[in-house]
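Peer 1: Structure file final_16.cif (mmCIF, C-alpha atoms) right here:
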```
data_protein
#
loop_
_atom_site.group_PDB
_atom_site.id
_atom_site.type_symbol
_atom_site.label_atom_id
_atom_site.label_comp_id
_atom_site.auth_asym_id
_atom_site.auth_seq_id
_atom_site.Cartn_x
_atom_site.Cartn_y
_atom_site.Cartn_z
ATOM 1 C CA ASP H 1 52.498 101.155 78.026
ATOM 2 C CA TRP H 2 54.858 98.321 77.100
ATOM 3 C CA THR H 3 52.865 95.461 78.651
ATOM 4 C CA PHE H 4 49.280 96.850 78.641
ATOM 5 C CA SER H 5 49.093 96.034 82.347
ATOM 6 C CA TYR H 6 46.925 99.127 82.861
ATOM 7 C CA MET H 7 44.083 97.163 81.254
ATOM 8 C CA ALA H 8 44.072 94.677 84.157
ATOM 9 C CA ILE H 9 41.622 96.772 86.233
ATOM 10 C CA ILE H 10 39.060 96.915 83.422
ATOM 11 C CA LEU H 11 39.462 93.223 82.630
ATOM 12 C CA ARG H 12 38.977 92.225 86.276
ATOM 13 C CA LYS H 13 35.844 94.346 86.543
ATOM 14 C CA GLY H 14 34.500 92.915 83.299
ATOM 15 C CA LYS H 15 35.114 89.420 84.631
ATOM 16 C CA ARG H 16 32.904 90.154 87.660
ATOM 17 C CA GLN H 17 29.942 91.368 85.573
ATOM 18 C CA LYS H 18 27.930 88.133 85.708
ATOM 19 C CA ARG H 19 28.958 87.212 89.239
ATOM 20 C CA ASP H 20 28.519 90.547 91.042
ATOM 21 C CA GLY H 21 26.214 92.348 88.620
ATOM 22 C CA VAL H 22 28.836 95.038 88.037
ATOM 23 C CA HIS H 23 28.752 96.541 84.552
ATOM 24 C CA LEU H 24 31.407 98.465 82.715
ATOM 25 C CA THR H 25 30.541 102.093 82.008
ATOM 26 C CA GLN H 26 32.150 104.910 80.109
ATOM 27 C CA GLU H 27 33.667 106.222 83.334
ATOM 28 C CA ASP H 28 35.752 103.038 83.611
ATOM 29 C CA LEU H 29 37.636 103.826 80.410
ATOM 30 C CA TYR H 30 40.967 105.559 80.700
ATOM 31 C CA LYS H 31 41.262 109.112 79.520
ATOM 32 C CA ILE H 32 43.287 109.430 76.347
ATOM 33 C CA PRO H 33 46.594 111.316 76.600
ATOM 34 C CA GLU H 34 46.416 115.051 76.088
ATOM 35 C CA SER H 35 48.703 114.740 73.070
ATOM 36 C CA MET H 36 46.021 112.646 71.308
ATOM 37 C CA GLU H 37 42.991 114.799 72.125
ATOM 38 C CA SER H 38 41.230 116.306 69.113
ATOM 39 C CA SER H 39 41.431 119.870 70.434
ATOM 40 C CA HIS H 40 45.186 119.579 70.945
ATOM 41 C CA LEU H 41 45.744 118.007 67.527
ATOM 42 C CA VAL H 42 43.737 120.681 65.715
ATOM 43 C CA HIS H 43 45.622 123.381 67.631
ATOM 44 C CA GLU H 44 48.940 121.832 66.569
ATOM 45 C CA PHE H 45 47.754 121.531 62.973
ATOM 46 C CA VAL H 46 46.779 125.206 62.847
ATOM 47 C CA ARG H 47 50.042 126.226 64.522
ATOM 48 C CA PHE H 48 52.159 124.343 62.011
ATOM 49 C CA THR H 49 50.200 125.535 58.978
ATOM 50 C CA ASN H 50 50.465 129.158 60.142
ATOM 51 C CA PHE H 51 54.235 128.848 60.433
ATOM 52 C CA PRO H 52 55.988 131.474 58.238
ATOM 53 C CA ARG H 53 56.882 129.981 54.877
ATOM 54 C CA SER H 54 57.963 131.042 51.410
ATOM 55 C CA LYS H 55 55.290 132.051 48.935
ATOM 56 C CA ASP H 56 56.219 129.351 46.436
ATOM 57 C CA ALA H 57 55.545 126.528 48.918
ATOM 58 C CA GLY H 58 52.642 124.441 47.618
ATOM 59 C CA ALA H 59 49.615 123.489 49.646
ATOM 60 C CA ARG H 60 50.327 119.764 49.261
ATOM 61 C CA LYS H 61 53.904 120.150 50.434
ATOM 62 C CA LEU H 62 52.739 122.183 53.418
ATOM 63 C CA LEU H 63 50.108 119.579 54.298
ATOM 64 C CA LEU H 64 52.611 116.724 54.165
ATOM 65 C CA ARG H 65 55.070 118.698 56.288
ATOM 66 C CA THR H 66 52.390 119.472 58.860
ATOM 67 C CA LEU H 67 51.209 115.857 59.077
ATOM 68 C CA TRP H 68 54.804 114.718 59.449
ATOM 69 C CA LYS H 69 55.436 117.143 62.342
ATOM 70 C CA ILE H 70 52.319 115.873 64.097
ATOM 71 C CA SER H 71 53.166 112.191 63.617
ATOM 72 C CA ALA H 72 56.952 112.386 64.129
ATOM 73 C CA PRO H 73 56.942 112.044 67.970
ATOM 74 C CA THR H 74 55.543 108.507 67.702
ATOM 75 C CA TYR H 75 56.451 107.455 64.149
ATOM 76 C CA ILE H 76 60.202 108.061 64.400
ATOM 77 C CA PRO H 77 60.526 105.796 67.503
ATOM 78 C CA ALA H 78 58.451 103.240 65.605
ATOM 79 C CA GLY H 79 61.118 103.343 62.893
ATOM 80 C CA PHE H 80 63.866 102.576 65.417
ATOM 81 C CA CYS H 81 61.804 99.626 66.661
ATOM 82 C CA GLU H 82 61.424 98.392 63.085
ATOM 83 C CA LEU H 83 65.199 98.663 62.659
ATOM 84 C CA ILE H 84 65.623 96.424 65.716
ATOM 85 C CA VAL H 85 63.198 93.919 64.175
ATOM 86 C CA VAL H 86 65.186 93.882 60.917
ATOM 87 C CA ALA H 87 68.454 93.358 62.791
ATOM 88 C CA CYS H 88 66.986 90.533 64.884
ATOM 89 C CA SER H 89 65.389 88.854 61.857
ATOM 90 C CA THR H 90 68.759 88.895 60.118
ATOM 91 C CA ALA H 91 70.770 87.760 63.127
ATOM 92 C CA LEU H 92 68.511 84.845 64.088
ATOM 93 C CA PRO H 93 69.342 82.585 61.077
ATOM 94 C CA LEU H 94 73.047 83.345 61.535
ATOM 95 C CA LEU H 95 72.924 82.244 65.171
ATOM 96 C CA VAL H 96 71.014 79.084 64.268
ATOM 97 C CA ARG H 97 73.588 78.370 61.551
ATOM 98 C CA GLY H 98 76.425 78.773 64.063
ATOM 99 C CA LEU H 99 74.730 76.402 66.509
ATOM 100 C CA LEU H 100 74.119 73.786 63.812
ATOM 101 C CA LYS H 101 77.723 74.061 62.677
ATOM 102 C CA ILE H 102 78.915 73.245 66.190
ATOM 103 C CA LEU H 103 76.628 70.192 66.302
ATOM 104 C CA GLU H 104 77.882 69.006 62.916
ATOM 105 C CA ASP H 105 81.550 69.461 63.750
ATOM 106 C CA LYS H 106 81.243 67.665 67.109
ATOM 107 C CA PRO H 107 78.433 65.113 66.758
ATOM 108 C CA ASP H 108 79.664 62.862 69.582
ATOM 109 C CA ALA H 109 81.148 65.447 71.942
ATOM 110 C CA LYS H 110 79.439 67.466 74.635
ATOM 111 C CA VAL H 111 78.711 70.854 73.133
ATOM 112 C CA VAL H 112 76.970 72.481 76.082
ATOM 113 C CA ARG H 113 79.807 74.908 76.792
ATOM 114 C CA SER H 114 80.339 75.933 73.165
ATOM 115 C CA GLY H 115 76.654 75.850 72.177
ATOM 116 C CA LEU H 116 75.185 77.535 75.240
ATOM 117 C CA PRO H 117 76.152 81.094 74.139
ATOM 118 C CA TYR H 118 74.366 80.511 70.825
ATOM 119 C CA ALA H 119 71.268 79.149 72.558
ATOM 120 C CA VAL H 120 71.126 82.084 74.980
ATOM 121 C CA SER H 121 71.691 84.524 72.116
ATOM 122 C CA ILE H 122 68.860 82.970 70.108
ATOM 123 C CA PHE H 123 66.526 83.313 73.088
ATOM 124 C CA LEU H 124 67.497 86.950 73.683
ATOM 125 C CA VAL H 125 67.176 87.819 69.988
ATOM 126 C CA CYS H 126 63.695 86.260 69.871
ATOM 127 C CA VAL H 127 62.610 88.249 72.926
ATOM 128 C CA LEU H 128 64.066 91.466 71.521
ATOM 129 C CA ASN H 129 62.414 90.794 68.163
ATOM 130 C CA ALA H 130 59.026 90.290 69.828
ATOM 131 C CA LEU H 131 59.359 93.458 71.918
ATOM 132 C CA GLY H 132 60.498 95.519 68.941
ATOM 133 C CA ASN H 133 57.692 94.210 66.748
ATOM 134 C CA HIS H 134 55.103 94.861 69.451
ATOM 135 C CA ARG H 135 56.408 98.364 70.121
ATOM 136 C CA HIS H 136 56.526 99.191 66.418
ATOM 137 C CA ARG H 137 52.904 98.111 65.959
ATOM 138 C CA HIS H 138 51.793 100.025 69.031
ATOM 139 C CA LEU H 139 53.498 103.289 68.026
ATOM 140 C CA SER H 140 52.350 102.953 64.418
ATOM 141 C CA LEU H 141 48.789 102.426 65.636
ATOM 142 C CA LYS H 142 48.999 105.572 67.767
ATOM 143 C CA THR H 143 50.367 107.501 64.798
ATOM 144 C CA GLY H 144 47.516 106.305 62.592
ATOM 145 C CA VAL H 145 44.902 107.287 65.185
ATOM 146 C CA VAL H 146 46.464 110.753 65.519
ATOM 147 C CA LEU H 147 46.575 111.353 61.753
ATOM 148 C CA ARG H 148 43.037 110.106 61.199
ATOM 149 C CA SER H 149 41.695 112.193 64.058
ATOM 150 C CA VAL H 150 43.366 115.421 62.976
ATOM 151 C CA VAL H 151 42.374 114.997 59.314
ATOM 152 C CA ILE H 152 38.712 114.305 60.159
ATOM 153 C CA ASN H 153 38.547 117.290 62.522
ATOM 154 C CA VAL H 154 40.254 119.657 60.107
ATOM 155 C CA LEU H 155 38.072 118.527 57.193
ATOM 156 C CA TYR H 156 34.901 118.974 59.226
ATOM 157 C CA ARG H 157 36.049 122.372 60.429
ATOM 158 C CA HIS H 158 36.946 123.474 56.894
ATOM 159 C CA VAL H 159 33.686 122.261 55.328
ATOM 160 C CA MET H 160 31.591 123.976 57.999
ATOM 161 C CA ARG H 161 33.321 127.299 57.272
ATOM 162 C CA LEU H 162 33.005 127.148 53.486
ATOM 163 C CA SER H 163 30.945 129.831 51.814
ATOM 164 C CA PRO H 164 28.269 128.873 49.248
ATOM 165 C CA ARG H 165 30.715 129.822 46.521
ATOM 166 C CA GLY H 166 33.405 127.679 48.076
ATOM 167 C CA LYS H 167 31.067 124.665 48.183
ATOM 168 C CA MET H 168 30.538 124.778 44.426
ATOM 169 C CA GLY H 169 31.732 121.522 42.883
ATOM 170 C CA LEU H 170 32.014 119.773 46.265
ATOM 171 C CA THR H 171 29.406 117.051 46.607
ATOM 172 C CA SER H 172 28.376 115.427 49.854
ATOM 173 C CA GLY H 173 29.638 112.102 48.516
ATOM 174 C CA GLU H 174 33.152 113.485 48.049
ATOM 175 C CA ALA H 175 33.128 115.020 51.524
ATOM 176 C CA ALA H 176 31.899 111.744 53.067
ATOM 177 C CA ASN H 177 34.599 109.750 51.259
ATOM 178 C CA LEU H 178 37.288 112.163 52.409
ATOM 179 C CA VAL H 179 36.269 111.512 56.011
ATOM 180 C CA ALA H 180 35.347 107.814 55.809
ATOM 181 C CA VAL H 181 37.840 106.477 53.236
ATOM 182 C CA ASP H 182 40.795 108.809 52.688
ATOM 183 C CA ALA H 183 41.312 109.506 56.394
ATOM 184 C CA GLN H 184 41.183 105.758 57.034
ATOM 185 C CA LYS H 185 43.860 105.222 54.364
ATOM 186 C CA LEU H 186 46.202 107.461 56.356
ATOM 187 C CA PHE H 187 45.579 105.234 59.363
ATOM 188 C CA GLU H 188 46.281 102.092 57.328
ATOM 189 C CA VAL H 189 49.440 103.367 55.634
ATOM 190 C CA THR H 190 51.122 104.088 58.964
ATOM 191 C CA GLN H 191 50.892 100.407 59.928
ATOM 192 C CA ASP H 192 53.236 99.321 57.128
ATOM 193 C CA GLY H 193 54.853 102.622 56.141
ATOM 194 C CA HIS H 194 58.262 101.699 57.547
ATOM 195 C CA LEU H 195 58.388 98.673 55.244
ATOM 196 C CA VAL H 196 59.354 101.112 52.472
ATOM 197 C CA TRP H 197 62.909 101.138 53.817
ATOM 198 C CA ALA H 198 62.854 98.039 56.048
ATOM 199 C CA LEU H 199 62.174 95.545 53.243
ATOM 200 C CA PRO H 200 65.008 96.763 50.947
ATOM 201 C CA LEU H 201 67.345 96.766 53.934
ATOM 202 C CA SER H 202 66.324 93.189 54.795
ATOM 203 C CA ILE H 203 66.868 92.118 51.189
ATOM 204 C CA LEU H 204 70.327 93.709 51.106
ATOM 205 C CA LEU H 205 71.413 92.134 54.385
ATOM 206 C CA THR H 206 70.010 88.727 53.456
ATOM 207 C CA SER H 207 71.630 88.841 50.006
ATOM 208 C CA PHE H 208 74.981 89.820 51.530
ATOM 209 C CA PHE H 209 75.035 86.931 54.014
ATOM 210 C CA LEU H 210 73.704 84.474 51.431
ATOM 211 C CA TYR H 211 76.505 85.480 49.087
ATOM 212 C CA GLN H 212 79.025 84.828 51.833
ATOM 213 C CA THR H 213 77.475 81.407 52.464
ATOM 214 C CA LEU H 214 76.525 80.164 48.984
ATOM 215 C CA GLY H 215 78.858 82.157 46.775
ATOM 216 C CA PRO H 216 78.101 83.522 43.273
ATOM 217 C CA SER H 217 75.008 81.311 42.851
ATOM 218 C CA THR H 218 73.161 83.803 45.069
ATOM 219 C CA LEU H 219 73.368 86.363 42.258
ATOM 220 C CA VAL H 220 70.832 84.360 40.257
ATOM 221 C CA GLY H 221 68.159 84.827 42.908
ATOM 222 C CA ILE H 222 69.033 88.521 43.271
ATOM 223 C CA ALA H 223 68.731 88.973 39.508
ATOM 224 C CA VAL H 224 65.258 87.392 39.565
ATOM 225 C CA LEU H 225 64.173 89.766 42.340
ATOM 226 C CA VAL H 226 65.438 92.786 40.400
ATOM 227 C CA ALA H 227 63.740 91.573 37.199
ATOM 228 C CA PHE H 228 60.364 91.501 38.965
ATOM 229 C CA VAL H 229 60.579 95.167 40.064
ATOM 230 C CA PRO H 230 59.297 96.714 36.772
ATOM 231 C CA LEU H 231 56.484 94.155 36.633
ATOM 232 C CA ILE H 232 55.397 94.906 40.196
ATOM 233 C CA GLU H 233 55.547 98.645 39.493
ATOM 234 C CA ARG H 234 53.357 98.198 36.417
ATOM 235 C CA ILE H 235 50.804 96.123 38.335
ATOM 236 C CA SER H 236 50.717 98.668 41.184
ATOM 237 C CA SER H 237 50.137 101.619 38.830
ATOM 238 C CA LEU H 238 47.388 99.703 37.025
ATOM 239 C CA MET H 239 45.690 98.832 40.308
ATOM 240 C CA LEU H 240 45.846 102.459 41.473
ATOM 241 C CA ALA H 241 44.261 103.605 38.218
ATOM 242 C CA VAL H 242 41.406 101.123 38.631
ATOM 243 C CA ARG H 243 40.987 102.186 42.265
ATOM 244 C CA GLY H 244 40.682 105.811 41.167
ATOM 245 C CA GLU H 245 37.817 104.906 38.823
ATOM 246 C CA ARG H 246 36.173 102.890 41.595
ATOM 247 C CA MET H 247 36.331 105.851 43.968
ATOM 248 C CA LYS H 248 34.466 107.980 41.422
ATOM 249 C CA CYS H 249 31.665 105.426 41.433
ATOM 250 C CA THR H 250 31.731 105.403 45.230
ATOM 251 C CA ASP H 251 31.335 109.191 45.258
ATOM 252 C CA GLN H 252 28.303 108.931 42.965
ATOM 253 C CA ARG H 253 26.710 106.214 45.085
ATOM 254 C CA VAL H 254 27.182 108.128 48.355
ATOM 255 C CA GLU H 255 25.831 111.292 46.729
ATOM 256 C CA LEU H 256 22.696 109.474 45.521
ATOM 257 C CA ILE H 257 22.058 107.916 48.930
ATOM 258 C CA ASN H 258 22.559 111.252 50.710
ATOM 259 C CA THR H 259 20.143 112.930 48.300
ATOM 260 C CA LEU H 260 17.627 110.160 48.923
ATOM 261 C CA LEU H 261 17.890 110.424 52.718
ATOM 262 C CA GLN H 262 17.771 114.223 52.788
ATOM 263 C CA GLY H 263 14.710 114.324 50.521
ATOM 264 C CA MET H 264 12.955 111.286 51.954
ATOM 265 C CA LYS H 265 9.615 113.094 52.260
ATOM 266 C CA VAL H 266 9.675 114.246 48.617
ATOM 267 C CA THR H 267 10.769 110.767 47.525
ATOM 268 C CA LYS H 268 7.854 109.116 49.311
ATOM 269 C CA LEU H 269 5.273 111.634 48.123
ATOM 270 C CA ASN H 270 6.304 111.338 44.475
ATOM 271 C CA ASN H 271 7.009 107.596 44.508
ATOM 272 C CA TYR H 272 10.646 108.020 43.467
ATOM 273 C CA GLU H 273 11.883 104.909 45.311
ATOM 274 C CA SER H 274 12.114 102.744 42.205
ATOM 275 C CA LYS H 275 14.002 105.427 40.279
ATOM 276 C CA TYR H 276 16.512 105.888 43.082
ATOM 277 C CA GLU H 277 16.857 102.128 43.432
ATOM 278 C CA THR H 278 17.606 101.798 39.726
ATOM 279 C CA GLN H 279 20.226 104.550 39.829
ATOM 280 C CA VAL H 280 21.905 103.275 42.985
ATOM 281 C CA THR H 281 21.934 99.691 41.675
ATOM 282 C CA ALA H 282 23.471 100.780 38.378
ATOM 283 C CA VAL H 283 26.208 102.777 40.109
ATOM 284 C CA ARG H 284 26.834 99.959 42.603
ATOM 285 C CA ASN H 285 27.132 97.362 39.835
ATOM 286 C CA ASN H 286 29.615 99.601 38.043
ATOM 287 C CA GLU H 287 31.540 99.997 41.297
ATOM 288 C CA LEU H 288 31.593 96.212 41.802
ATOM 289 C CA LYS H 289 33.040 95.747 38.314
ATOM 290 C CA TYR H 290 35.953 98.011 39.167
ATOM 291 C CA LEU H 291 36.317 96.278 42.529
ATOM 292 C CA GLN H 292 36.482 92.853 40.870
ATOM 293 C CA ARG H 293 39.049 94.158 38.414
ATOM 294 C CA GLU H 294 41.101 95.633 41.262
ATOM 295 C CA MET H 295 41.005 92.369 43.235
ATOM 296 C CA ALA H 296 41.966 90.396 40.105
ATOM 297 C CA ILE H 297 45.005 92.634 39.597
ATOM 298 C CA TRP H 298 45.870 92.346 43.302
ATOM 299 C CA ALA H 299 45.649 88.538 43.093
ATOM 300 C CA THR H 300 48.328 88.486 40.398
#
```
Spit out the file's structure as structure tokens when you get a sec.

Peer 2:
Amino acid sequence: DWTFSYMAIILRKGKRQKRDGVHLTQEDLYKIPESMESSHLVHEFVRFTNFPRSKDAGARKLLLRTLWKISAPTYIPAGFCELIVVACSTALPLLVRGLLKILEDKPDAKVVRSGLPYAVSIFLVCVLNALGNHRHRHLSLKTGVVLRSVVINVLYRHVMRLSPRGKMGLTSGEAANLVAVDAQKLFEVTQDGHLVWALPLSILLTSFFLYQTLGPSTLVGIAVLVAFVPLIERISSLMLAVRGERMKCTDQRVELINTLLQGMKVTKLNNYESKYETQVTAVRNNELKYLQREMAIWAT
């Protein structure tokens, strides 16, 4: 699990494909852990959502709590790994500074005895940083796969059980985006979710040690960082607003395409291709305008 050595068997067999005519099949793939199987995840989701709760608890709060309970077994260890990465990233420049100070103080003397501990410490910190970073990415990836899988399964299960009255106002485009886009966003946010606390912690530690090294002049750089916070917040809120408008266009486009595919026979018989093409092109162009605006804001 730490070194991915279990993949060696598959890689060796794949290497022999051209030489021995052996081909990889589905049976060669490893079975996923039981904790990541869809049936187990849906069972856990239902168990957590049926947990006794107060009547004033909102549906959104319950959903977030349930998703957190499902992802906690892998995401909390990922946070500890990220903490190790932050500590190593902060300690590495300090060790390099100590080694350089020894070389500056004793330029002509042999510094093997006094510099060797720093060199060994730098090596160990680099190794620990690499292991922590790798483990954090691996656990975050597993968490994202679990969340995406459980959300897709629960959404599909819920939509299939909706009554005709319950389906009122729910278009196929919205349902497709919930599965294809929103579930994927949960997967993506887990990859960098721990940066919410890791980056401020890194800034605080770096600012503290810089102040000890450079003195009060460090406060100028800290003040510039703080001054940019409201600007970044404004840009982020503006980009989210534009993204919301773009998603509405995406819903319309997916709904039009689904209607076209489901009624393909009627479309062909009545020669509606040009009308559908005009509508889809118009919605797509509108979507591209919002996408360009979103990318322009992101580029700032």

Peer 1: Translate the PyMOL selection byres ((chain H and resi 233-237) around 12) into a concrete residue list for this structure, as a PyMOL selection string.

Peer 2: chain H and resi 226-232+238-244+293-300

Peer 1: Taking C-alpha atoms for each residue, export the selection above as an mmCIF file, keeping the file's coordinate frame.

Peer 2:
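The new file out-v2.cif reads:
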```cif
data_model
loop_
_atom_site.group_PDB
_atom_site.id
_atom_site.type_symbol
_atom_site.label_atom_id
_atom_site.label_comp_id
_atom_site.auth_asym_id
_atom_site.auth_seq_id
_atom_site.Cartn_x
_atom_site.Cartn_y
_atom_site.Cartn_z
ATOM 1 C CA VAL H 226 65.438 92.786 40.400
ATOM 2 C CA ALA H 227 63.740 91.573 37.199
ATOM 3 C CA PHE H 228 60.364 91.501 38.965
ATOM 4 C CA VAL H 229 60.579 95.167 40.064
ATOM 5 C CA PRO H 230 59.297 96.714 36.772
ATOM 6 C CA LEU H 231 56.484 94.155 36.633
ATOM 7 C CA ILE H 232 55.397 94.906 40.196
ATOM 8 C CA LEU H 238 47.388 99.703 37.025
ATOM 9 C CA MET H 239 45.690 98.832 40.308
ATOM 10 C CA LEU H 240 45.846 102.459 41.473
ATOM 11 C CA ALA H 241 44.261 103.605 38.218
ATOM 12 C CA VAL H 242 41.406 101.123 38.631
ATOM 13 C CA ARG H 243 40.987 102.186 42.265
ATOM 14 C CA GLY H 244 40.682 105.811 41.167
ATOM 15 C CA ARG H 293 39.049 94.158 38.414
ATOM 16 C CA GLU H 294 41.101 95.633 41.262
ATOM 17 C CA MET H 295 41.005 92.369 43.235
ATOM 18 C CA ALA H 296 41.966 90.396 40.105
ATOM 19 C CA ILE H 297 45.005 92.634 39.597
ATOM 20 C CA TRP H 298 45.870 92.346 43.302
ATOM 21 C CA ALA H 299 45.649 88.538 43.093
ATOM 22 C CA THR H 300 48.328 88.486 40.398
#
```

Peer 1: Show which residues sit within 10 Å of Leu29 in chain H, as a PDB file with C-alpha atoms, in the coordinates of the input. Count only C-alpha atoms, and ignore same-chain residues fewer than 3 positions away.

Peer 2:
```pdb
ATOM      1  CA  MET H   7      44.083  97.163  81.254  1.00  0.00           C
ATOM      2  CA  ILE H   9      41.622  96.772  86.233  1.00  0.00           C
ATOM      3  CA  ILE H  10      39.060  96.915  83.422  1.00  0.00           C
ATOM      4  CA  LEU H  24      31.407  98.465  82.715  1.00  0.00           C
ATOM      5  CA  THR H  25      30.541 102.093  82.008  1.00  0.00           C
ATOM      6  CA  GLN H  26      32.150 104.910  80.109  1.00  0.00           C
ATOM      7  CA  ILE H  32      43.287 109.430  76.347  1.00  0.00           C
TER       8      ILE H  32
END
```

Peer 1: Residue by residue, what does the PyMOL selection byres ((chain H and resi 201) around 12) grab here? Present the result as a PyMOL selection string.

Peer 2: chain H and resi 82-87+89-90+194-200+202-208

Peer 1: Quick one: pull the distance between CA of Thr49 in chain H and CA of Lys61 in chain H, Å, one decimal.

Peer 2: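 We find that CA of Thr49 in chain H and CA of Lys61 in chain H lie 10.8 Å from each other.
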
Peer 1: Any idea what the distance is between CA of Val283 in chain H and CA of Met264 in chain H?

Peer 2: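 Computing the Euclidean distance for CA of Val283 in chain H and CA of Met264 in chain H yields 19.7 Å.
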
Peer 1: Between H:Asn129, H:Ser163, H:Gln17, H:Ser140, which residue has the minimum interatomic distance to Thr190 in chain H, considering all atoms listed in the file?

Peer 2: H:Ser140

Peer 1: Which residues are close to Arg135 in chain H, i.e. within 12 Å by only C-alpha atoms, leaving aside same-chain residues fewer than 3 positions away? Reply as a list of chain:residue names.

Peer 2: H:Asp1, H:Trp2, H:Thr3, H:Phe4, H:Thr74, H:Tyr75, H:Ile76, H:Pro77, H:Ala78, H:Gly79, H:Phe80, H:Cys81, H:Glu82, H:Leu83, H:Ile84, H:Val85, H:Leu128, H:Asn129, H:Ala130, H:Leu131, H:Gly132, H:His138, H:Leu139, H:Ser140, H:Leu141, H:Lys142, H:Gln191

Peer 1: How many Å lie between CA of Arg246 in chain H and CA of Val181 in chain H, rounded to one decimal?

Peer 2: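 Separating CA of Arg246 in chain H from CA of Val181 in chain H is a distance of 12.3 Å.
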
Peer 1: Could you spell out the hits of the PyMOL selection byres ((chain H and resi 118) around 10) on the shown file, as a PDB file with C-alpha atoms, in the frame of the given file?

Peer 2:
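Writing the result to result.pdb gives the following:
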```
ATOM      1  CA  LEU H  92      68.511  84.845  64.088  1.00  0.00           C
ATOM      2  CA  LEU H  94      73.047  83.345  61.535  1.00  0.00           C
ATOM      3  CA  LEU H  95      72.924  82.244  65.171  1.00  0.00           C
ATOM      4  CA  VAL H  96      71.014  79.084  64.268  1.00  0.00           C
ATOM      5  CA  ARG H  97      73.588  78.370  61.551  1.00  0.00           C
ATOM      6  CA  GLY H  98      76.425  78.773  64.063  1.00  0.00           C
ATOM      7  CA  LEU H  99      74.730  76.402  66.509  1.00  0.00           C
ATOM      8  CA  LEU H 100      74.119  73.786  63.812  1.00  0.00           C
ATOM      9  CA  ILE H 102      78.915  73.245  66.190  1.00  0.00           C
ATOM     10  CA  VAL H 112      76.970  72.481  76.082  1.00  0.00           C
ATOM     11  CA  ARG H 113      79.807  74.908  76.792  1.00  0.00           C
ATOM     12  CA  SER H 114      80.339  75.933  73.165  1.00  0.00           C
ATOM     13  CA  GLY H 115      76.654  75.850  72.177  1.00  0.00           C
ATOM     14  CA  LEU H 116      75.185  77.535  75.240  1.00  0.00           C
ATOM     15  CA  PRO H 117      76.152  81.094  74.139  1.00  0.00           C
ATOM     16  CA  ALA H 119      71.268  79.149  72.558  1.00  0.00           C
ATOM     17  CA  VAL H 120      71.126  82.084  74.980  1.00  0.00           C
ATOM     18  CA  SER H 121      71.691  84.524  72.116  1.00  0.00           C
ATOM     19  CA  ILE H 122      68.860  82.970  70.108  1.00  0.00           C
ATOM     20  CA  PHE H 123      66.526  83.313  73.088  1.00  0.00           C
ATOM     21  CA  LEU H 124      67.497  86.950  73.683  1.00  0.00           C
TER      22      LEU H 124
END
```

Peer 1: Given all atoms listed in the file as the basis, pick out the residue of H:Thr143, H:Thr267, H:Thr278, H:Thr213 nearest to Gly193 in chain H.

Peer 2: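 Ranking H:Thr143, H:Thr267, H:Thr278, H:Thr213 by distance to Gly193 in chain H, first place goes to H:Thr143.
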
Peer 1: So, with all atoms listed in the file as the atoms that count, which of H:Asn285, H:Ser149, H:Gln262, H:Asn133 lies closest to Ser38 in chain H?

Peer 2: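 Ranked by minimum distance to Ser38 in chain H, first place goes to H:Ser149.
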
Peer 1: Could you check which of H:Arg161, H:Lys275, H:His134, H:Arg253 is closest to Leu288 in chain H, using only C-alpha atoms?

Peer 2: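 Looking at the shortest contact to Leu288 in chain H, the residue is H:Arg253.
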
Peer 1: Since the input has fewer atoms than a full residue there, write range 242-251 of chain H out with N, CA and C atoms, as a PDB file, in the coordinates of the input.

Peer 2:
```pdb
ATOM      1  N   VAL H 242      42.723 101.734  38.477  1.00  0.00           N
ATOM      2  CA  VAL H 242      41.406 101.123  38.631  1.00  0.00           C
ATOM      3  C   VAL H 242      40.752 101.581  39.932  1.00  0.00           C
ATOM      4  N   ARG H 243      41.535 101.720  40.985  1.00  0.00           N
ATOM      5  CA  ARG H 243      40.987 102.186  42.265  1.00  0.00           C
ATOM      6  C   ARG H 243      40.465 103.612  42.149  1.00  0.00           C
ATOM      7  N   GLY H 244      41.157 104.445  41.370  1.00  0.00           N
ATOM      8  CA  GLY H 244      40.682 105.811  41.167  1.00  0.00           C
ATOM      9  C   GLY H 244      39.322 105.845  40.491  1.00  0.00           C
ATOM     10  N   GLU H 245      39.125 104.983  39.491  1.00  0.00           N
ATOM     11  CA  GLU H 245      37.817 104.906  38.823  1.00  0.00           C
ATOM     12  C   GLU H 245      36.748 104.370  39.774  1.00  0.00           C
ATOM     13  N   ARG H 246      37.141 103.430  40.637  1.00  0.00           N
ATOM     14  CA  ARG H 246      36.173 102.890  41.595  1.00  0.00           C
ATOM     15  C   ARG H 246      35.744 103.945  42.602  1.00  0.00           C
ATOM     16  N   MET H 247      36.671 104.804  43.016  1.00  0.00           N
ATOM     17  CA  MET H 247      36.331 105.851  43.968  1.00  0.00           C
ATOM     18  C   MET H 247      35.358 106.856  43.373  1.00  0.00           C
ATOM     19  N   LYS H 248      35.441 107.094  42.066  1.00  0.00           N
ATOM     20  CA  LYS H 248      34.466 107.980  41.422  1.00  0.00           C
ATOM     21  C   LYS H 248      33.063 107.389  41.518  1.00  0.00           C
ATOM     22  N   CYS H 249      32.970 106.092  41.293  1.00  0.00           N
ATOM     23  CA  CYS H 249      31.665 105.426  41.433  1.00  0.00           C
ATOM     24  C   CYS H 249      31.180 105.469  42.877  1.00  0.00           C
ATOM     25  N   THR H 250      32.111 105.325  43.819  1.00  0.00           N
ATOM     26  CA  THR H 250      31.731 105.403  45.230  1.00  0.00           C
ATOM     27  C   THR H 250      31.186 106.786  45.572  1.00  0.00           C
ATOM     28  N   ASP H 251      31.828 107.829  45.040  1.00  0.00           N
ATOM     29  CA  ASP H 251      31.335 109.191  45.258  1.00  0.00           C
ATOM     30  C   ASP H 251      29.913 109.356  44.732  1.00  0.00           C
TER      31      ASP H 251
END
```
